[in-house]
$ cat upload.txt   # compact mmCIF, C-alpha atoms
# COMPACT_ATOMS: atom_id res chain seq x y z
CA MET A 224 -16.95 116.57 143.15
CA GLU A 225 -19.91 114.56 144.43
CA GLN A 226 -19.51 113.49 148.04
CA THR A 227 -20.49 109.83 148.38
CA LEU A 228 -21.49 108.36 151.72
CA GLU A 229 -18.22 106.42 151.76
CA MET A 230 -16.16 109.57 151.20
CA MET A 231 -18.07 111.53 153.84
CA THR A 232 -17.53 108.70 156.33
CA LYS A 233 -13.79 108.61 155.59
CA LYS A 234 -13.57 112.38 155.97
CA LEU A 235 -15.34 112.24 159.34
CA TRP A 236 -12.86 109.61 160.54
CA ILE A 237 -9.89 111.70 159.38
CA MET A 238 -11.32 114.74 161.16
CA HIS A 239 -11.67 112.66 164.33
CA GLU A 240 -8.01 111.58 164.10
CA CYS A 241 -6.77 115.13 163.44
CA ARG A 242 -8.92 116.57 166.22
CA ASN A 243 -7.49 114.04 168.69
CA HIS A 244 -3.97 114.82 167.49
CA MET A 245 -4.44 118.52 168.16
CA GLY A 246 -5.90 117.71 171.57
CA ARG A 247 -2.84 115.61 172.41
CA TYR A 248 -0.67 118.57 171.48
CA GLN A 249 -2.46 120.79 174.00
CA PHE A 250 -2.15 118.27 176.82
CA LEU A 251 1.53 117.54 176.09
CA HIS A 252 2.39 121.22 175.71
CA SER A 253 0.58 122.12 178.94
CA SER A 254 2.55 119.48 180.88
CA LYS A 255 5.90 120.64 179.43
CA GLN A 256 6.45 117.39 177.50
CA HIS A 257 8.47 119.19 174.85
CA GLU A 258 10.13 116.19 173.16
CA ALA A 259 6.79 114.40 172.88
CA THR A 260 5.24 117.56 171.44
CA ALA A 261 7.89 117.78 168.72
CA ALA A 262 7.28 114.10 167.90
CA LEU A 263 3.71 114.93 166.83
CA PHE A 264 5.11 116.22 163.52
CA ALA A 265 5.50 114.03 160.45
CA SER A 266 9.02 112.86 159.64
CA ARG A 267 9.29 114.99 156.48
CA ASN A 268 11.85 117.59 155.54
CA ASP A 269 9.12 120.03 154.50
CA CYS A 270 7.51 120.24 157.94
CA TRP A 271 7.60 123.66 159.61
CA ILE A 272 6.25 125.76 162.44
CA GLU A 273 5.59 129.50 162.28
CA ASN A 274 4.89 131.85 165.17
CA ASN A 275 4.19 135.41 164.11
CA ASP A 276 6.20 136.97 166.95
CA LEU A 277 8.90 134.32 167.44
CA GLY A 278 9.78 133.37 163.87
CA PHE A 279 9.71 130.62 161.26
CA PHE A 280 11.34 127.22 161.95
CA ARG A 281 11.99 124.71 159.14
CA GLY A 282 12.35 120.93 159.23
CA HIS A 283 13.07 118.59 162.11
CA GLU A 284 15.90 120.67 163.53
CA GLY A 285 13.80 123.83 163.42
CA ILE A 286 10.87 122.13 165.15
CA LYS A 287 13.22 120.83 167.84
CA ARG A 288 14.70 124.32 168.33
CA PHE A 289 11.22 125.74 168.84
CA PHE A 290 9.50 123.10 170.96
CA VAL A 291 12.43 121.66 172.89
CA ASP A 292 15.35 124.08 173.04
CA PHE A 293 13.40 127.34 173.23
CA HIS A 294 10.70 126.19 175.64
CA LYS A 295 13.20 124.55 177.99
CA LYS A 296 15.19 127.78 178.11
CA MET A 297 12.03 129.78 178.77
CA ASP A 298 10.77 127.36 181.44
CA GLY A 299 14.09 127.21 183.29
CA ASN A 300 15.04 124.40 185.64
CA ASP A 301 12.44 125.13 188.33
CA LEU A 302 8.97 124.18 187.10
CA ARG A 303 7.26 124.75 190.45
CA GLY A 304 4.32 127.08 189.90
CA SER A 305 4.66 126.92 186.12
CA PHE A 306 1.33 126.77 184.30
CA CYS A 307 0.25 126.76 180.66
CA GLN A 308 -3.22 126.11 179.30
CA HIS A 309 -4.39 127.01 175.79
CA ASP A 310 -7.94 125.88 175.09
CA LEU A 311 -9.27 125.03 171.61
CA THR A 312 -12.44 126.75 170.41
CA THR A 313 -14.34 127.64 167.22
CA GLU A 314 -12.88 124.87 165.06
CA VAL A 315 -13.10 124.97 161.28
CA MET A 316 -11.78 121.83 159.54
CA GLU A 317 -11.77 120.50 155.97
CA VAL A 318 -10.41 117.24 154.53
CA ALA A 319 -9.17 117.11 150.94
CA ASP A 320 -11.26 115.12 148.48
CA ASP A 321 -8.21 112.94 147.80
CA LEU A 322 -8.11 112.13 151.56
CA LYS A 323 -4.39 112.86 151.77
CA THR A 324 -4.38 116.09 153.79
CA CYS A 325 -6.54 118.07 156.20
CA LYS A 326 -6.66 121.79 157.09
CA ALA A 327 -7.96 123.23 160.35
CA CYS A 328 -7.92 126.38 162.44
CA TRP A 329 -8.89 127.27 165.99
CA LEU A 330 -9.22 130.25 168.29
CA SER A 331 -7.34 129.64 171.53
CA PRO A 332 -7.77 131.66 174.73
CA GLY A 333 -4.82 130.91 176.98
CA VAL A 334 -3.45 131.52 180.46
CA GLU A 335 0.14 131.04 181.62
CA THR A 336 2.25 131.40 184.73
CA ARG A 337 5.92 132.16 184.12
CA ARG A 338 8.85 132.82 186.41
CA ASP A 339 10.63 136.13 185.91
CA PRO A 340 14.20 135.23 184.79
CA GLU A 341 15.68 138.10 186.84
CA THR A 342 13.62 138.09 190.04
CA GLY A 343 12.38 134.50 190.10
CA GLU A 344 8.86 135.74 190.91
CA LEU A 345 5.85 133.98 189.42
CA THR A 346 3.62 136.12 187.20
CA SER A 347 0.26 135.25 185.61
CA TYR A 348 -0.42 136.16 181.99
CA TRP A 349 -3.17 136.23 179.40
CA CYS A 350 -1.94 134.70 176.12
CA TRP A 351 -4.54 134.50 173.35
CA VAL A 352 -3.64 132.99 169.99
CA LYS A 353 -5.06 131.41 166.85
CA TYR A 354 -3.86 128.14 165.29
CA ALA A 355 -3.81 127.20 161.60
CA VAL A 356 -2.63 123.65 160.93
CA ASP A 357 -2.09 121.39 157.94
CA PHE A 358 -2.24 117.67 158.72
CA ILE A 359 -0.84 114.91 156.54
CA GLU A 360 -1.08 111.13 156.72
CA GLU A 361 2.14 109.25 157.36
CA ASN A 362 2.22 105.46 157.63
CA GLY A 363 -1.47 105.34 158.51
CA GLU A 364 -1.23 108.06 161.18
CA TRP A 365 -2.30 111.70 160.90
CA LYS A 366 0.40 114.15 161.99
CA PHE A 367 1.28 117.84 161.86
CA TRP A 368 2.77 119.02 158.59
CA HIS A 369 2.57 122.82 158.83
CA PHE A 370 1.76 124.50 162.14
CA THR A 371 1.13 128.22 162.48
CA ILE A 372 0.52 130.16 165.70
CA PHE A 373 -0.86 133.69 165.41
CA SER A 374 -0.45 135.63 168.66
CA ASP A 375 -3.28 138.09 169.32
CA PHE A 376 -2.18 139.58 172.64
CA PHE A 377 0.01 138.83 175.65
CA CYS A 378 -0.20 140.76 178.91
CA ASP A 379 0.01 140.10 182.62
CA TYR A 380 -3.16 139.33 184.54
CA HIS A 381 -3.29 142.76 186.20
CA THR A 382 -2.98 144.82 183.00
CA ALA A 383 -5.57 145.15 180.23
CA TRP A 384 -4.26 144.26 176.77
CA VAL A 385 -5.37 147.67 175.50
CA ASP A 386 -2.97 149.35 177.94
CA VAL A 387 0.26 147.64 176.88
CA PRO A 388 2.02 147.12 173.54
CA TYR A 389 2.43 143.51 172.44
CA THR A 390 5.60 141.99 173.85
CA THR A 391 7.06 138.54 174.30
CA SER A 392 9.08 137.26 177.22
CA ALA A 393 11.44 135.51 174.82
CA THR A 394 14.94 136.93 174.54
CA ASP A 395 17.35 136.75 171.62
CA ASP A 396 19.51 134.09 173.28
CA MET A 397 16.47 131.76 173.56
CA LEU A 398 15.61 131.74 169.87
CA ALA A 399 17.28 130.66 166.64
CA PRO A 400 14.57 131.04 163.96
CA ASP A 401 15.30 130.39 160.31
CA GLU A 402 13.35 133.54 159.49
CA LEU A 403 11.73 136.40 161.43
CA ILE A 404 8.10 137.30 160.77
CA THR A 405 7.75 141.01 160.11
CA GLY A 406 5.52 143.51 158.36
CA GLU A 407 2.01 142.60 157.33
CA LYS A 408 2.19 139.02 158.61
CA SER A 409 2.75 140.14 162.20
CA TYR A 410 -0.90 140.57 163.23
CA VAL A 411 -1.05 141.40 166.92
CA TYR A 412 -3.51 143.58 168.77
CA THR A 413 -2.71 147.25 169.31
CA ARG A 414 -4.84 150.34 169.78
CA ASN A 415 -4.50 151.01 166.05
CA THR A 416 -5.16 147.60 164.51
CA VAL A 417 -8.33 146.79 162.56
CA PRO A 418 -9.42 143.16 163.11
CA PRO A 419 -8.41 141.08 160.06
CA LEU A 420 -9.87 137.76 158.99
CA TRP A 421 -6.67 135.96 159.83
CA PRO A 422 -5.96 133.13 159.45
CA LYS A 423 -8.17 132.46 156.48
CA THR A 424 -10.55 129.65 157.44
CA PRO A 425 -10.22 126.49 155.32
CA THR A 426 -12.79 125.79 152.62
CA PRO A 427 -13.53 122.53 150.77
CA TYR A 428 -10.66 121.57 148.45
CA ALA A 429 -9.76 118.72 146.13
CA SER A 430 -6.06 118.31 146.92
CA TYR A 431 -3.29 120.22 148.63
CA ASP A 432 -1.36 122.65 146.47
CA LYS A 433 -0.14 125.33 148.90
CA ASN A 434 -0.76 126.57 152.40
CA THR A 435 -3.60 128.93 151.55
CA MET A 436 -4.30 129.55 155.24
CA THR A 437 -1.30 131.89 155.44
CA GLU A 438 -2.80 134.16 152.78
CA ARG A 439 -4.61 137.11 154.31
CA GLN A 440 -8.28 137.46 153.40
CA GLU A 441 -9.50 141.06 153.51
$ encode --input "upload.txt" --output "structure tokens"
Amino acid sequence: MEQTLEMMTKKLWIMHECRNHMGRYQFLHSSKQHEATAALFASRNDCWIENNDLGFFRGHEGIKRFFVDFHKKMDGNDLRGSFCQHDLTTEVMEVADDLKTCKACWLSPGVETRRDPETGELTSYWCWVKYAVDFIEENGEWKFWHFTIFSDFFCDYHTAWVDVPYTTSATDDMLAPDELITGEKSYVYTRNTVPPLWPKTPTPYASYDKNTMTERQE
């Protein structure tokens, strides 16, 4: 399809709106504004969030369980010393030719400070992830539709990621996923993994048909 100047201009504006939306997510998430973070999703029943080590969460209730219920349980009542910063780098973004949806992915190096639930001691962590996101327009505003987090590695500041198996500080009583992510879709770094191209970076497309970014590209 030939890209007219008008279409290219509209696509650039949509990319600007989606980029700002993802930036708001990072600022809200870093400041523990969990309800506001969940509100960044479109009000559709087919919205979802997937985290490859925490599970798959469907619809509004699932998104609330992940962003509000789970994170509040993990944060605890004492937020003193708590810290969370996940930067956005290496963006790849494409807007559909029909201007109804947008796909994007980012690498995200992150650092966190969490309080040990048993000892109460603060511990610093490396937490590196990748994001793959589908955006959709709703009432003139661009919002999250599908949101996938791929965890690469998680380790404390004093230990190299090559020296520890991938673990999460989440416990079973914190989570209530609709589905666990297992097998080939659980791409996390170990001594034996070969780096995959994952998620698949978005390419130009006419209209949305399925979430192709969750299909592994060898």
$ closest_residue --input "upload.txt" --among "A:Arg267, A:Arg414, A:Arg337, A:Arg281" --to "Asp298 of chain A" --atoms "only C-alpha atoms"
A:Arg337
$ residues_around --input "upload.txt" --residues "Cys350 of chain A" --least-positions-apart "2" --cutoff "7 Å" --atoms "all atoms listed in the file" --output "PDB file with C-alpha atoms, in the frame of the given file"
ATOM      1  CA  PRO A 332      -7.770 131.660 174.730  1.00  0.00           C
ATOM      2  CA  GLY A 333      -4.820 130.910 176.980  1.00  0.00           C
ATOM      3  CA  VAL A 334      -3.450 131.520 180.460  1.00  0.00           C
ATOM      4  CA  GLU A 335       0.140 131.040 181.620  1.00  0.00           C
ATOM      5  CA  TYR A 348      -0.420 136.160 181.990  1.00  0.00           C
ATOM      6  CA  VAL A 352      -3.640 132.990 169.990  1.00  0.00           C
ATOM      7  CA  PHE A 376      -2.180 139.580 172.640  1.00  0.00           C
ATOM      8  CA  PHE A 377       0.010 138.830 175.650  1.00  0.00           C
ATOM      9  CA  CYS A 378      -0.200 140.760 178.910  1.00  0.00           C
TER      10      CYS A 378
END
$ atom_distance --input "upload.txt" --atom1 "atom CA of Ala261 of chain A" --atom2 "atom CA of Phe367 of chain A"
9.5 Å
$ atom_distance --input "upload.txt" --atom1 "atom CA of Arg247 of chain A" --atom2 "atom CA of Ile272 of chain A"
16.9 Å
$ residues_around --input "upload.txt" --residues "segment 307-322 of chain A" --least-positions-apart "6" --cutoff "6 Å" --atoms "only C-alpha atoms" --output "PyMOL selection string"
chain A and resi 234+253+328-335+427-430
$ closest_residue --input "upload.txt" --among "A:Asn268, A:Ser374, A:Thr346, A:Asn243" --to "Tyr412 of chain A" --atoms "all atoms listed in the file"
A:Ser374
$ atom_distance --input "upload.txt" --atom1 "atom CA of Val411 of chain A" --atom2 "atom CA of Phe306 of chain A"
22.8 Å
